[in-house]
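Have a look at the structure below before the remarks.
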Amino acid sequence: MADYSGVWVLESTENMEPFVAAEGMPWAMRKVANTMGWGVGKHKVTIQMAPGGDEMKVHEVTPMFERSYVIHINGTPEEQMVGKSNKGMMVSVWEGQAVKHTVTKDNGKVTTATRTMAGDKMDVELTLDGITAKRHFKKQ
């Protein structure tokens with residue numbers, strides 16, 4: 001299993017506007033996020049992996065919010081905050097060296113986030129309603 005531990009800074013994004021629109025982000029917030037470059041250079045994620053890889057402690061700092069949470073990578077549903085204020089049930093599993101998170105939000109929408117790593121790069125591919133966005137991070 002890959003060890004995602006470290007401090008990661010958002011380096012670039014792809015296709016964020018249609019993705020967050022599908023998530024239901026209001027137009028005005030999308031325009032602010034776009035103006036802020038979707039957090040490029042400002043979105044930091046600190047990850048601590050537990051020995052054995054069954055737990056991931058995450059601390060995120062973005063221009064819009066800061067939060068900490070724990071993800072159990074064992075296929076068991078657990079309630080998580082999704083974004084700034086939405087709740088959802090998340091199931092996380094290993095798929096080879098990737099971690100796949102499937103989130104069913106309170107509004108019934110299902111989002112997948114697949115985290116992969118190669119060297120000092122981490123990619124997070126987000127999919128919702130057939131729309132895919134990507135976030136590319138670099139390890140500090």
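The chains in the structure tokens are called A, B, ... from first to last as shown; in each chain the residues are counted from 1, and the ligands are counted from 1 in the order shown.
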Practice item. Mind the document's chain letters and residue numbers, and return as a PyMOL selection string the residues of chain A that DSSP labels helix (DSSP H, G or I). Key: chain A and resi 16-23+27-35+37-39
Exercise for review: Do a neighbour search on A:Asp129 at 12 Å with only C-alpha atoms, toss out local chain neighbours closer than 5 positions, and write the hits as a VMD selection string.
Suggested key: chain A and resid 18 to 24 108 to 112
Same residues, C-alpha atoms, output as a CSV table (one decimal), in the first residue's frame:
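Saved file result_26.csv follows:
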```csv
chain,number,residue,atom,x,y,z
A,18,PRO,CA,-18.6,22.0,-14.2
A,19,PHE,CA,-17.8,19.6,-11.4
A,20,VAL,CA,-18.7,22.0,-8.5
A,21,ALA,CA,-21.8,23.2,-10.5
A,22,ALA,CA,-23.0,19.6,-10.5
A,23,GLU,CA,-22.3,19.4,-6.8
A,24,GLY,CA,-24.7,22.3,-6.4
A,108,GLY,CA,-28.5,11.5,-2.7
A,109,LYS,CA,-25.7,12.5,-5.0
A,110,VAL,CA,-22.7,10.1,-5.2
A,111,THR,CA,-19.2,11.4,-5.7
A,112,THR,CA,-16.1,9.3,-6.1
```
Exercise for review: Identify, on the basis of only C-alpha atoms, every residue whose closest approach to stretch 43-50 of chain A does not exceed 9 Å; exclude the query and any residue fewer than 3 positions from it along the same chain; express the result as an MDAnalysis selection string.
Suggested key: chainID A and resid 3:11 38:40 53:63 137
Create the file for the chosen residues now, containing N, CA and C atoms and written as a PDB file, in the first residue's frame.
```pdb
ATOM      1  N   ASP A   3       2.058   5.036   0.871  1.00  0.00           N
ATOM      2  CA  ASP A   3       2.041   5.871   2.060  1.00  0.00           C
ATOM      3  C   ASP A   3       1.868   7.317   1.614  1.00  0.00           C
ATOM      4  N   TYR A   4       0.685   7.856   1.817  1.00  0.00           N
ATOM      5  CA  TYR A   4       0.356   9.212   1.390  1.00  0.00           C
ATOM      6  C   TYR A   4       0.759  10.270   2.422  1.00  0.00           C
ATOM      7  N   SER A   5       1.477   9.869   3.457  1.00  0.00           N
ATOM      8  CA  SER A   5       1.866  10.809   4.512  1.00  0.00           C
ATOM      9  C   SER A   5       2.684  11.957   3.951  1.00  0.00           C
ATOM     10  N   GLY A   6       2.414  13.149   4.472  1.00  0.00           N
ATOM     11  CA  GLY A   6       3.174  14.323   4.079  1.00  0.00           C
ATOM     12  C   GLY A   6       2.286  15.540   3.964  1.00  0.00           C
ATOM     13  N   VAL A   7       2.905  16.646   3.579  1.00  0.00           N
ATOM     14  CA  VAL A   7       2.183  17.892   3.341  1.00  0.00           C
ATOM     15  C   VAL A   7       2.123  18.095   1.830  1.00  0.00           C
ATOM     16  N   TRP A   8       0.932  18.242   1.314  1.00  0.00           N
ATOM     17  CA  TRP A   8       0.684  18.350  -0.116  1.00  0.00           C
ATOM     18  C   TRP A   8       0.071  19.713  -0.431  1.00  0.00           C
ATOM     19  N   VAL A   9       0.557  20.358  -1.476  1.00  0.00           N
ATOM     20  CA  VAL A   9       0.049  21.667  -1.890  1.00  0.00           C
ATOM     21  C   VAL A   9      -0.553  21.532  -3.289  1.00  0.00           C
ATOM     22  N   LEU A  10      -1.739  22.089  -3.455  1.00  0.00           N
ATOM     23  CA  LEU A  10      -2.412  22.026  -4.750  1.00  0.00           C
ATOM     24  C   LEU A  10      -1.607  22.779  -5.799  1.00  0.00           C
ATOM     25  N   GLU A  11      -1.283  22.070  -6.877  1.00  0.00           N
ATOM     26  CA  GLU A  11      -0.432  22.600  -7.941  1.00  0.00           C
ATOM     27  C   GLU A  11      -1.246  23.041  -9.170  1.00  0.00           C
ATOM     28  N   TRP A  38      -9.124  28.276  -7.775  1.00  0.00           N
ATOM     29  CA  TRP A  38      -9.521  26.991  -7.189  1.00  0.00           C
ATOM     30  C   TRP A  38      -8.589  26.562  -6.060  1.00  0.00           C
ATOM     31  N   GLY A  39      -7.857  27.521  -5.467  1.00  0.00           N
ATOM     32  CA  GLY A  39      -6.991  27.218  -4.330  1.00  0.00           C
ATOM     33  C   GLY A  39      -5.580  26.815  -4.710  1.00  0.00           C
ATOM     34  N   VAL A  40      -5.221  26.908  -5.979  1.00  0.00           N
ATOM     35  CA  VAL A  40      -3.870  26.532  -6.413  1.00  0.00           C
ATOM     36  C   VAL A  40      -2.849  27.348  -5.616  1.00  0.00           C
ATOM     37  N   GLY A  53      -1.856   1.063   6.939  1.00  0.00           N
ATOM     38  CA  GLY A  53      -2.607   1.757   5.902  1.00  0.00           C
ATOM     39  C   GLY A  53      -4.115   1.737   6.024  1.00  0.00           C
ATOM     40  N   ASP A  54      -4.644   1.424   7.225  1.00  0.00           N
ATOM     41  CA  ASP A  54      -6.101   1.359   7.346  1.00  0.00           C
ATOM     42  C   ASP A  54      -6.726   2.650   7.868  1.00  0.00           C
ATOM     43  N   GLU A  55      -5.884   3.658   8.133  1.00  0.00           N
ATOM     44  CA  GLU A  55      -6.404   4.921   8.635  1.00  0.00           C
ATOM     45  C   GLU A  55      -5.587   6.077   8.068  1.00  0.00           C
ATOM     46  N   MET A  56      -6.284   7.132   7.692  1.00  0.00           N
ATOM     47  CA  MET A  56      -5.654   8.317   7.130  1.00  0.00           C
ATOM     48  C   MET A  56      -6.161   9.527   7.917  1.00  0.00           C
ATOM     49  N   LYS A  57      -5.255  10.210   8.628  1.00  0.00           N
ATOM     50  CA  LYS A  57      -5.622  11.454   9.315  1.00  0.00           C
ATOM     51  C   LYS A  57      -5.321  12.593   8.359  1.00  0.00           C
ATOM     52  N   VAL A  58      -6.308  13.453   8.158  1.00  0.00           N
ATOM     53  CA  VAL A  58      -6.203  14.517   7.164  1.00  0.00           C
ATOM     54  C   VAL A  58      -6.488  15.863   7.817  1.00  0.00           C
ATOM     55  N   HIS A  59      -5.653  16.843   7.496  1.00  0.00           N
ATOM     56  CA  HIS A  59      -5.904  18.230   7.891  1.00  0.00           C
ATOM     57  C   HIS A  59      -5.812  19.060   6.622  1.00  0.00           C
ATOM     58  N   GLU A  60      -6.913  19.754   6.303  1.00  0.00           N
ATOM     59  CA  GLU A  60      -6.975  20.560   5.079  1.00  0.00           C
ATOM     60  C   GLU A  60      -7.083  22.034   5.435  1.00  0.00           C
ATOM     61  N   VAL A  61      -6.326  22.847   4.712  1.00  0.00           N
ATOM     62  CA  VAL A  61      -6.438  24.299   4.815  1.00  0.00           C
ATOM     63  C   VAL A  61      -6.647  24.816   3.394  1.00  0.00           C
ATOM     64  N   THR A  62      -7.776  25.488   3.181  1.00  0.00           N
ATOM     65  CA  THR A  62      -8.094  26.063   1.876  1.00  0.00           C
ATOM     66  C   THR A  62      -8.405  27.544   2.082  1.00  0.00           C
ATOM     67  N   PRO A  63      -8.505  28.305   1.007  1.00  0.00           N
ATOM     68  CA  PRO A  63      -8.899  29.701   1.167  1.00  0.00           C
ATOM     69  C   PRO A  63     -10.307  29.869   1.757  1.00  0.00           C
ATOM     70  N   PHE A 137      -1.576  17.648  -6.750  1.00  0.00           N
ATOM     71  CA  PHE A 137      -0.840  18.150  -5.599  1.00  0.00           C
ATOM     72  C   PHE A 137       0.642  17.790  -5.723  1.00  0.00           C
TER      73      PHE A 137
END
```
DSSP-assigned strand (DSSP E or B) among stretch 22-133 of chain A, expressed as a PDB file with C-alpha atoms, in the first residue's frame:
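Below is the file that was written, part19.pdb:
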```
ATOM      1  CA  LYS A  44      -2.719  22.413   1.675  1.00  0.00           C
ATOM      2  CA  VAL A  45      -3.449  18.871   2.762  1.00  0.00           C
ATOM      3  CA  THR A  46      -1.493  17.208   5.556  1.00  0.00           C
ATOM      4  CA  ILE A  47      -1.886  13.425   5.677  1.00  0.00           C
ATOM      5  CA  GLN A  48      -0.695  10.978   8.322  1.00  0.00           C
ATOM      6  CA  MET A  49      -1.110   7.316   7.417  1.00  0.00           C
ATOM      7  CA  GLU A  55      -6.404   4.921   8.635  1.00  0.00           C
ATOM      8  CA  MET A  56      -5.654   8.317   7.130  1.00  0.00           C
ATOM      9  CA  LYS A  57      -5.622  11.454   9.315  1.00  0.00           C
ATOM     10  CA  VAL A  58      -6.203  14.517   7.164  1.00  0.00           C
ATOM     11  CA  HIS A  59      -5.904  18.230   7.891  1.00  0.00           C
ATOM     12  CA  GLU A  60      -6.975  20.560   5.079  1.00  0.00           C
ATOM     13  CA  VAL A  61      -6.438  24.299   4.815  1.00  0.00           C
ATOM     14  CA  GLU A  66     -10.005  24.553   7.470  1.00  0.00           C
ATOM     15  CA  ARG A  67     -10.892  21.114   8.799  1.00  0.00           C
ATOM     16  CA  SER A  68      -9.455  17.899  10.200  1.00  0.00           C
ATOM     17  CA  TYR A  69     -10.893  14.425   9.855  1.00  0.00           C
ATOM     18  CA  VAL A  70     -10.005  10.725   9.952  1.00  0.00           C
ATOM     19  CA  ILE A  71     -10.713   8.305   7.118  1.00  0.00           C
ATOM     20  CA  HIS A  72     -10.872   4.564   7.765  1.00  0.00           C
ATOM     21  CA  GLU A  78     -18.729   6.481   7.993  1.00  0.00           C
ATOM     22  CA  GLU A  79     -20.243   9.932   8.216  1.00  0.00           C
ATOM     23  CA  GLN A  80     -17.971  12.703   6.952  1.00  0.00           C
ATOM     24  CA  MET A  81     -18.212  16.400   6.213  1.00  0.00           C
ATOM     25  CA  VAL A  82     -17.982  16.897   2.466  1.00  0.00           C
ATOM     26  CA  ASN A  86     -22.352  19.108   3.543  1.00  0.00           C
ATOM     27  CA  LYS A  87     -22.576  15.749   5.278  1.00  0.00           C
ATOM     28  CA  GLY A  88     -22.328  12.404   3.572  1.00  0.00           C
ATOM     29  CA  MET A  89     -21.619   8.726   4.102  1.00  0.00           C
ATOM     30  CA  MET A  90     -18.173   7.756   2.828  1.00  0.00           C
ATOM     31  CA  VAL A  91     -16.769   4.324   2.078  1.00  0.00           C
ATOM     32  CA  SER A  92     -13.005   4.154   1.474  1.00  0.00           C
ATOM     33  CA  VAL A  93     -11.110   1.184   0.053  1.00  0.00           C
ATOM     34  CA  TRP A  94      -7.689   0.397  -1.377  1.00  0.00           C
ATOM     35  CA  GLU A  95      -7.600  -0.288  -5.113  1.00  0.00           C
ATOM     36  CA  ALA A  98      -4.897   4.033  -4.966  1.00  0.00           C
ATOM     37  CA  VAL A  99      -7.422   4.983  -2.300  1.00  0.00           C
ATOM     38  CA  LYS A 100     -10.985   5.260  -3.574  1.00  0.00           C
ATOM     39  CA  HIS A 101     -13.554   7.201  -1.572  1.00  0.00           C
ATOM     40  CA  THR A 102     -17.227   6.871  -2.499  1.00  0.00           C
ATOM     41  CA  VAL A 103     -19.423   9.494  -0.867  1.00  0.00           C
ATOM     42  CA  THR A 104     -23.203   9.492  -0.828  1.00  0.00           C
ATOM     43  CA  LYS A 105     -24.296  12.965   0.197  1.00  0.00           C
ATOM     44  CA  VAL A 110     -22.748  10.058  -5.233  1.00  0.00           C
ATOM     45  CA  THR A 111     -19.206  11.355  -5.698  1.00  0.00           C
ATOM     46  CA  THR A 112     -16.076   9.269  -6.093  1.00  0.00           C
ATOM     47  CA  ALA A 113     -12.625  10.574  -5.294  1.00  0.00           C
ATOM     48  CA  THR A 114      -9.670   8.417  -6.285  1.00  0.00           C
ATOM     49  CA  ARG A 115      -6.319   9.350  -4.782  1.00  0.00           C
ATOM     50  CA  THR A 116      -3.160   8.180  -6.574  1.00  0.00           C
ATOM     51  CA  MET A 117       0.503   8.963  -5.984  1.00  0.00           C
ATOM     52  CA  ALA A 118       3.697   8.862  -8.029  1.00  0.00           C
ATOM     53  CA  LYS A 121       2.898  14.030  -6.934  1.00  0.00           C
ATOM     54  CA  MET A 122      -0.576  13.140  -5.693  1.00  0.00           C
ATOM     55  CA  ASP A 123      -3.622  13.302  -7.933  1.00  0.00           C
ATOM     56  CA  VAL A 124      -7.233  13.285  -6.797  1.00  0.00           C
ATOM     57  CA  GLU A 125      -9.763  12.455  -9.514  1.00  0.00           C
ATOM     58  CA  LEU A 126     -13.322  13.490  -8.643  1.00  0.00           C
ATOM     59  CA  THR A 127     -16.369  12.126 -10.465  1.00  0.00           C
ATOM     60  CA  LEU A 128     -20.028  13.090 -10.137  1.00  0.00           C
ATOM     61  CA  ILE A 131     -18.332  14.837 -14.830  1.00  0.00           C
ATOM     62  CA  THR A 132     -14.679  14.365 -13.890  1.00  0.00           C
ATOM     63  CA  ALA A 133     -12.424  16.970 -12.300  1.00  0.00           C
TER      64      ALA A 133
END
```
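What separates atom CA of A:Thr13 from atom CA of A:Gln140 is a distance of 17.5 Å.
Of the residues listed (A:Val32, A:Phe65, A:Lys134, A:Gln97), A:Lys134 shows the shortest atom-to-atom separation from A:Glu14; distances use only C-alpha atoms.
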Review point. Restricting the calculation to only C-alpha atoms, which member of A:Lys42, A:Gly52, A:Met1, A:Arg30 is positioned closest to A:Gly96?
Key: A:Met1
